[in-house]
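Peer 1: Supplied structure: data02.cif, mmCIF, C-alpha atoms.
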data_model
#
loop_
_atom_site.label_atom_id
_atom_site.label_comp_id
_atom_site.auth_asym_id
_atom_site.auth_seq_id
_atom_site.Cartn_x
_atom_site.Cartn_y
_atom_site.Cartn_z
CA MET A 126 161.49 41.42 7.15
CA ALA A 127 160.69 39.23 10.11
CA ARG A 128 163.15 38.41 12.83
CA ILE A 129 162.49 35.28 14.83
CA ALA A 130 164.92 33.77 17.31
CA GLY A 131 167.76 36.20 16.76
CA VAL A 132 169.15 36.65 13.29
CA ASN A 133 166.83 34.66 11.07
CA ILE A 134 164.89 36.66 8.54
CA PRO A 135 162.85 34.21 6.45
CA THR A 136 160.11 35.96 4.47
CA ASN A 137 158.15 35.54 1.26
CA LYS A 138 157.81 31.82 2.06
CA ARG A 139 154.92 30.04 3.70
CA VAL A 140 155.22 29.98 7.51
CA HIS A 141 155.91 26.26 7.95
CA VAL A 142 158.74 26.49 5.40
CA ALA A 143 160.13 29.80 6.60
CA LEU A 144 160.43 28.51 10.17
CA THR A 145 162.72 25.67 9.03
CA TYR A 146 165.32 28.32 8.16
CA ILE A 147 165.94 28.50 11.91
CA TYR A 148 168.64 26.10 13.10
CA GLY A 149 166.87 23.56 15.28
CA ILE A 150 163.44 23.71 13.64
CA GLY A 151 162.61 21.20 10.95
CA PRO A 152 159.43 20.53 8.99
CA THR A 153 157.80 18.60 11.84
CA SER A 154 158.37 21.07 14.64
CA ALA A 155 157.56 23.98 12.30
CA LYS A 156 154.12 22.48 11.63
CA LYS A 157 153.64 21.76 15.33
CA ILE A 158 154.34 25.40 16.16
CA CYS A 159 151.82 26.55 13.53
CA GLU A 160 149.21 24.16 14.87
CA LYS A 161 149.79 25.33 18.44
CA VAL A 162 149.41 29.02 17.68
CA GLY A 163 146.54 28.40 15.26
CA ILE A 164 148.06 29.59 12.01
CA GLY A 165 147.10 27.71 8.85
CA ASP A 166 144.75 24.73 8.64
CA GLY A 167 147.35 21.96 8.57
CA ILE A 168 147.55 21.93 4.78
CA ASN A 169 147.70 25.54 3.65
CA TYR A 170 149.76 28.08 5.52
CA PRO A 171 149.89 31.83 4.92
CA ARG A 172 153.10 33.46 3.79
CA VAL A 173 155.23 35.21 6.39
CA ASN A 174 154.61 38.66 4.92
CA GLU A 175 150.84 38.05 5.20
CA LEU A 176 151.08 37.58 8.97
CA THR A 177 150.15 40.32 11.38
CA ASP A 178 152.66 41.53 13.96
CA ASP A 179 150.58 39.88 16.68
CA GLN A 180 150.79 36.50 14.99
CA LEU A 181 154.54 36.87 14.63
CA ASN A 182 154.84 37.71 18.30
CA VAL A 183 152.88 34.60 19.24
CA ILE A 184 155.22 32.49 17.12
CA ARG A 185 158.23 34.20 18.71
CA ALA A 186 156.92 33.50 22.21
CA GLU A 187 156.29 29.87 21.22
CA ILE A 188 159.90 29.42 20.08
CA ASP A 189 161.84 31.60 22.52
CA GLY A 190 161.05 29.94 25.82
CA LYS A 191 160.29 26.41 24.68
CA ILE A 192 162.66 25.27 21.96
CA THR A 193 166.45 25.36 21.98
CA VAL A 194 167.50 26.89 18.69
CA GLU A 195 170.43 28.55 16.95
CA GLY A 196 173.49 29.40 19.07
CA GLU A 197 172.24 27.69 22.18
CA LEU A 198 171.54 24.46 20.32
CA ARG A 199 174.86 24.60 18.48
CA ARG A 200 176.62 25.05 21.82
CA GLU A 201 174.70 22.14 23.30
CA VAL A 202 175.68 19.85 20.42
CA SER A 203 179.35 20.80 20.50
CA MET A 204 179.39 20.41 24.29
CA ASN A 205 178.00 16.90 23.93
CA ILE A 206 180.73 16.04 21.44
CA LYS A 207 183.39 17.62 23.65
CA ARG A 208 182.15 15.60 26.61
CA LEU A 209 182.56 12.38 24.62
CA MET A 210 186.06 13.40 23.53
CA ASP A 211 187.23 14.37 27.01
CA MET A 212 185.92 11.17 28.50
CA GLY A 213 188.05 9.05 26.16
CA CYS A 214 185.27 6.68 25.19
CA TYR A 215 185.03 5.00 21.80
CA LYS A 216 182.63 7.54 20.32
CA GLY A 217 184.91 10.35 21.49
CA LEU A 218 187.91 8.76 19.82
CA ARG A 219 185.98 8.49 16.55
CA HIS A 220 185.06 12.18 16.77
CA ARG A 221 188.71 13.05 17.44
CA LYS A 222 189.91 11.13 14.40
CA GLY A 223 187.15 12.48 12.18
CA LEU A 224 185.80 9.02 11.39
CA PRO A 225 182.18 7.83 11.41
CA VAL A 226 180.85 7.35 14.94
CA HIS A 227 177.96 4.95 14.48
CA GLY A 228 179.87 1.88 13.34
CA GLN A 229 179.74 2.39 9.59
CA ARG A 230 182.33 0.81 7.33
CA THR A 231 185.44 2.86 6.58
CA SER A 232 187.19 0.57 4.10
CA THR A 233 185.25 2.35 1.41
CA ASN A 234 182.85 5.29 1.57
CA ALA A 235 182.57 7.34 4.78
CA ARG A 236 183.53 10.33 2.66
CA THR A 237 181.29 12.72 4.55
CA ARG A 238 183.41 12.30 7.67
CA LYS A 239 186.77 11.65 6.04
CA GLY A 240 186.61 14.45 3.48
CA PRO A 241 187.80 14.25 -0.11
CA ALA A 242 189.73 11.12 -1.04
CA LYS A 243 193.49 11.37 -0.71
CA ALA A 244 195.66 9.98 -3.49
CA ILE A 245 197.88 7.07 -2.46
CA ALA A 246 201.47 7.19 -3.73
CA GLY A 247 202.48 4.39 -6.06
CA LYS A 248 198.99 3.04 -6.65
CA LYS A 249 198.42 2.96 -10.39
CA LYS A 250 196.52 0.26 -12.28
CA MET B 278 167.08 -0.66 20.41
CA ALA B 279 167.36 0.57 23.97
CA ARG B 280 167.15 -1.79 26.90
CA SER B 281 163.85 -2.02 28.79
CA VAL B 282 163.82 0.22 31.84
CA TRP B 283 162.16 -2.36 34.08
CA LYS B 284 165.18 -4.63 33.77
CA GLY B 285 167.52 -2.01 35.18
CA PRO B 286 171.07 -1.49 33.97
CA TYR B 287 173.10 -4.57 33.17
CA VAL B 288 176.07 -5.21 35.42
CA HIS B 289 177.76 -8.57 35.72
CA PRO B 290 176.89 -9.92 39.22
CA SER B 291 180.46 -10.77 40.17
CA LEU B 292 181.64 -7.33 39.07
CA LEU B 293 179.01 -5.72 41.26
CA LYS B 294 180.17 -7.81 44.20
CA LYS B 295 183.81 -6.87 43.63
CA ALA B 296 182.95 -3.17 43.32
CA ASP B 297 181.00 -3.26 46.58
CA ALA B 298 183.92 -4.92 48.31
CA ALA B 299 186.37 -2.37 46.90
CA ARG B 300 184.28 0.54 48.07
CA SER B 301 183.78 -0.73 51.60
CA GLY B 302 187.35 -2.01 51.87
CA GLY B 303 190.69 -0.29 51.29
CA LYS B 304 191.22 2.09 48.41
CA ASN B 305 193.42 1.76 45.31
CA VAL B 306 192.09 -1.67 44.52
CA ILE B 307 192.08 -2.21 40.78
CA ILE B 308 189.20 -4.43 39.77
CA ARG B 309 190.03 -6.65 36.83
CA THR B 310 187.11 -7.45 34.63
CA TYR B 311 186.30 -9.11 31.35
CA SER B 312 182.78 -7.75 31.45
CA ARG B 313 183.00 -5.03 28.83
CA SER B 314 179.23 -4.92 28.41
CA SER B 315 178.55 -3.95 32.02
CA THR B 316 177.07 -0.53 32.59
CA ILE B 317 178.96 1.99 34.72
CA LEU B 318 176.81 2.76 37.74
CA PRO B 319 176.91 5.97 39.82
CA SER B 320 178.32 3.91 42.70
CA PHE B 321 181.41 3.07 40.61
CA VAL B 322 182.65 6.68 40.46
CA GLY B 323 186.18 7.02 41.81
CA LEU B 324 187.04 3.35 41.47
CA THR B 325 189.60 2.06 39.03
CA PHE B 326 188.75 -0.85 36.79
CA ALA B 327 191.04 -2.81 34.55
CA VAL B 328 188.98 -3.60 31.49
CA TYR B 329 190.12 -6.39 29.20
CA ASN B 330 190.43 -5.45 25.55
CA GLY B 331 191.15 -8.94 24.22
CA GLN B 332 194.90 -8.69 24.84
CA LYS B 333 195.53 -6.82 28.05
CA PHE B 334 193.75 -4.94 30.82
CA ILE B 335 193.27 -1.22 30.24
CA PRO B 336 193.01 0.83 33.46
CA VAL B 337 189.89 2.98 33.54
CA LEU B 338 189.35 5.54 36.29
CA VAL B 339 185.61 6.09 36.47
CA THR B 340 184.46 9.73 36.54
CA ASP B 341 180.92 10.98 36.88
CA THR B 342 180.59 11.78 33.17
CA MET B 343 181.06 8.08 32.40
CA ILE B 344 177.89 6.99 34.19
CA GLY B 345 175.55 5.12 31.89
CA HIS B 346 178.27 4.13 29.44
CA LYS B 347 179.68 0.61 29.16
CA PHE B 348 183.15 -0.41 30.28
CA GLY B 349 184.06 -1.60 26.80
CA GLU B 350 183.78 1.93 25.43
CA PHE B 351 186.89 2.90 27.37
CA ALA B 352 189.12 0.01 26.33
CA PRO B 353 189.60 0.08 22.55
CA THR B 354 190.00 -3.36 20.98
CA ARG B 355 191.77 -2.17 17.86
CA ASN B 356 194.95 -0.18 17.54
CA TYR B 357 195.70 1.58 14.30
CA TYR B 358 199.20 2.86 13.75
CA GLY B 359 198.61 4.14 10.21
CA HIS B 360 199.98 2.98 6.92
CA GLY B 361 203.71 2.89 6.21
CA ALA B 362 203.32 5.33 3.35
CA ASP B 363 201.50 7.83 5.55
CA LYS B 364 204.33 7.86 8.06
CA LYS B 365 206.96 8.45 5.37
CA ALA B 366 204.96 11.33 3.94
CA LYS B 367 204.76 13.01 7.33
CA LYS B 368 208.53 12.83 7.84
#
Now that the file is in, can you turn its structure into structure tokens?
Peer 2:
Amino acid sequence: MARIAGVNIPTNKRVHVALTYIYGIGPTSAKKICEKVGIGDGINYPRVNELTDDQLNVIRAEIDGKITVEGELRREVSMNIKRLMDMGCYKGLRHRKGLPVHGQRTSTNARTRKGPAKAIAGKKK
Amino acid sequence: MARSVWKGPYVHPSLLKKADAARSGGKNVIIRTYSRSSTILPSFVGLTFAVYNGQKFIPVLVTDTMIGHKFGEFAPTRNYYGHGADKKAKK
């Protein structure tokens, strides 16, 4: 069991994969962290349960002060969206209506934002 | 792609002139503009602009969170009142 940045307990995986279980760390930044603290050779990384406590602490220190992750990042994102909505700009209106924000078509598709398709009454054949 | 920094933010020259006049002159002057693509500058905070949306002028009171956005973002050009069927279903 290894706890990094609060509640995350990724183990049994290689370090650069395990770190991506943290919200806010993807493959790129995970590899950058490994490179910075000198774990792995850029191709092969040890598994989390093979790391010493010291190495884990170095990784923790690298993440804690320098990268916004987890709750803090989630708050930042939702604050940014809230700011857009309160301001009443176009992007905010799109967020409010649950429609795509970046100018995609909505005649068809856009199901990720709009949710499952709703049946239209009286539309058969 | 983002605009080059060396060019500075785009603001229509006549709009800039009107805003300067409004700030130095009396208050509660609504500045009418067609320039939806102009950037909102920090010096515009507190002024009211009437931004054209293709049909009429939408009043926009500039607050400090709006800095860096364009005027057009605050005057929607399309109005969607929903489908007839949707309205019936809600009632």
Peer 1: Using all atoms listed in the file, find the one residue out of B:Val337, B:Tyr329, B:Ser314, B:Phe321 that sits nearest to Lys294 of chain B.
Peer 2: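 Looking only at the distances to Lys294 of chain B, the closest residue turns out to be B:Phe321.
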Peer 1: Pick from A:Arg172, A:Arg230, A:Tyr148, A:Val162: nearest to Thr193 of chain A, with all atoms listed in the file counted?
Peer 2: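 The shortest atom-to-atom distance to Thr193 of chain A comes from A:Tyr148.
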Peer 1: Can you check which residues of chain A have any atom within 7 Å of chain B? Use all atoms listed in the file and format it as a ChimeraX atom specification.
Peer 2: /A:212-215
Peer 1: In Å, how far is it from atom CA of Leu198 of chain A to atom CA of Asn169 of chain A?
Peer 2: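 Going from atom CA of Leu198 of chain A over to atom CA of Asn169 of chain A, I get 29.1 Å.
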Peer 1: How far is it from atom CA of Ser154 of chain A to atom CA of Gln180 of chain A, in Å with one decimal?
Peer 2: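 Between atom CA of Ser154 of chain A and atom CA of Gln180 of chain A the gap is 17.2 Å.
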Peer 1: Interatomic distance between atom CA of Lys216 of chain A and atom CA of Gly345 of chain B?
Peer 2: 13.8 Å
Peer 1: Could you write out as a list of chain:residue names the residues that the PyMOL selection byres ((chain A and resi 221) around 10) matches in the shown file?
Peer 2: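 Selection result, ordered by chain and number: A:Ile206, A:Lys207, A:Leu209, A:Met210, A:Asp211, A:Gly213, A:Tyr215, A:Lys216, A:Gly217, A:Leu218, A:Arg219, A:His220, A:Lys222, A:Gly223, A:Leu224.
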Peer 1: Which residue gives the smallest distance to Arg280 of chain B among B:Thr316, B:His360, B:Tyr311, B:Ile344, with all atoms listed in the file counted?
Peer 2: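 Checking each candidate against Arg280 of chain B, we get B:Thr316 as the closest.
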Peer 1: Pick the closest to Phe334 of chain B from B:Lys295, B:Gly359, B:Val322, B:Ser312: which is it, counting all atoms listed in the file?
Peer 2: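 With all atoms listed in the file as the atom set, the closest residue is B:Ser312.
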Peer 1: Can you pull out the residues contacting Pro286 of chain B? Cut-off 9 Å, using all atoms listed in the file, and skip same-chain residues under 2 positions away; I want them as number ranges by chain.
Peer 2: B: 280-284, 288, 315-318, 345
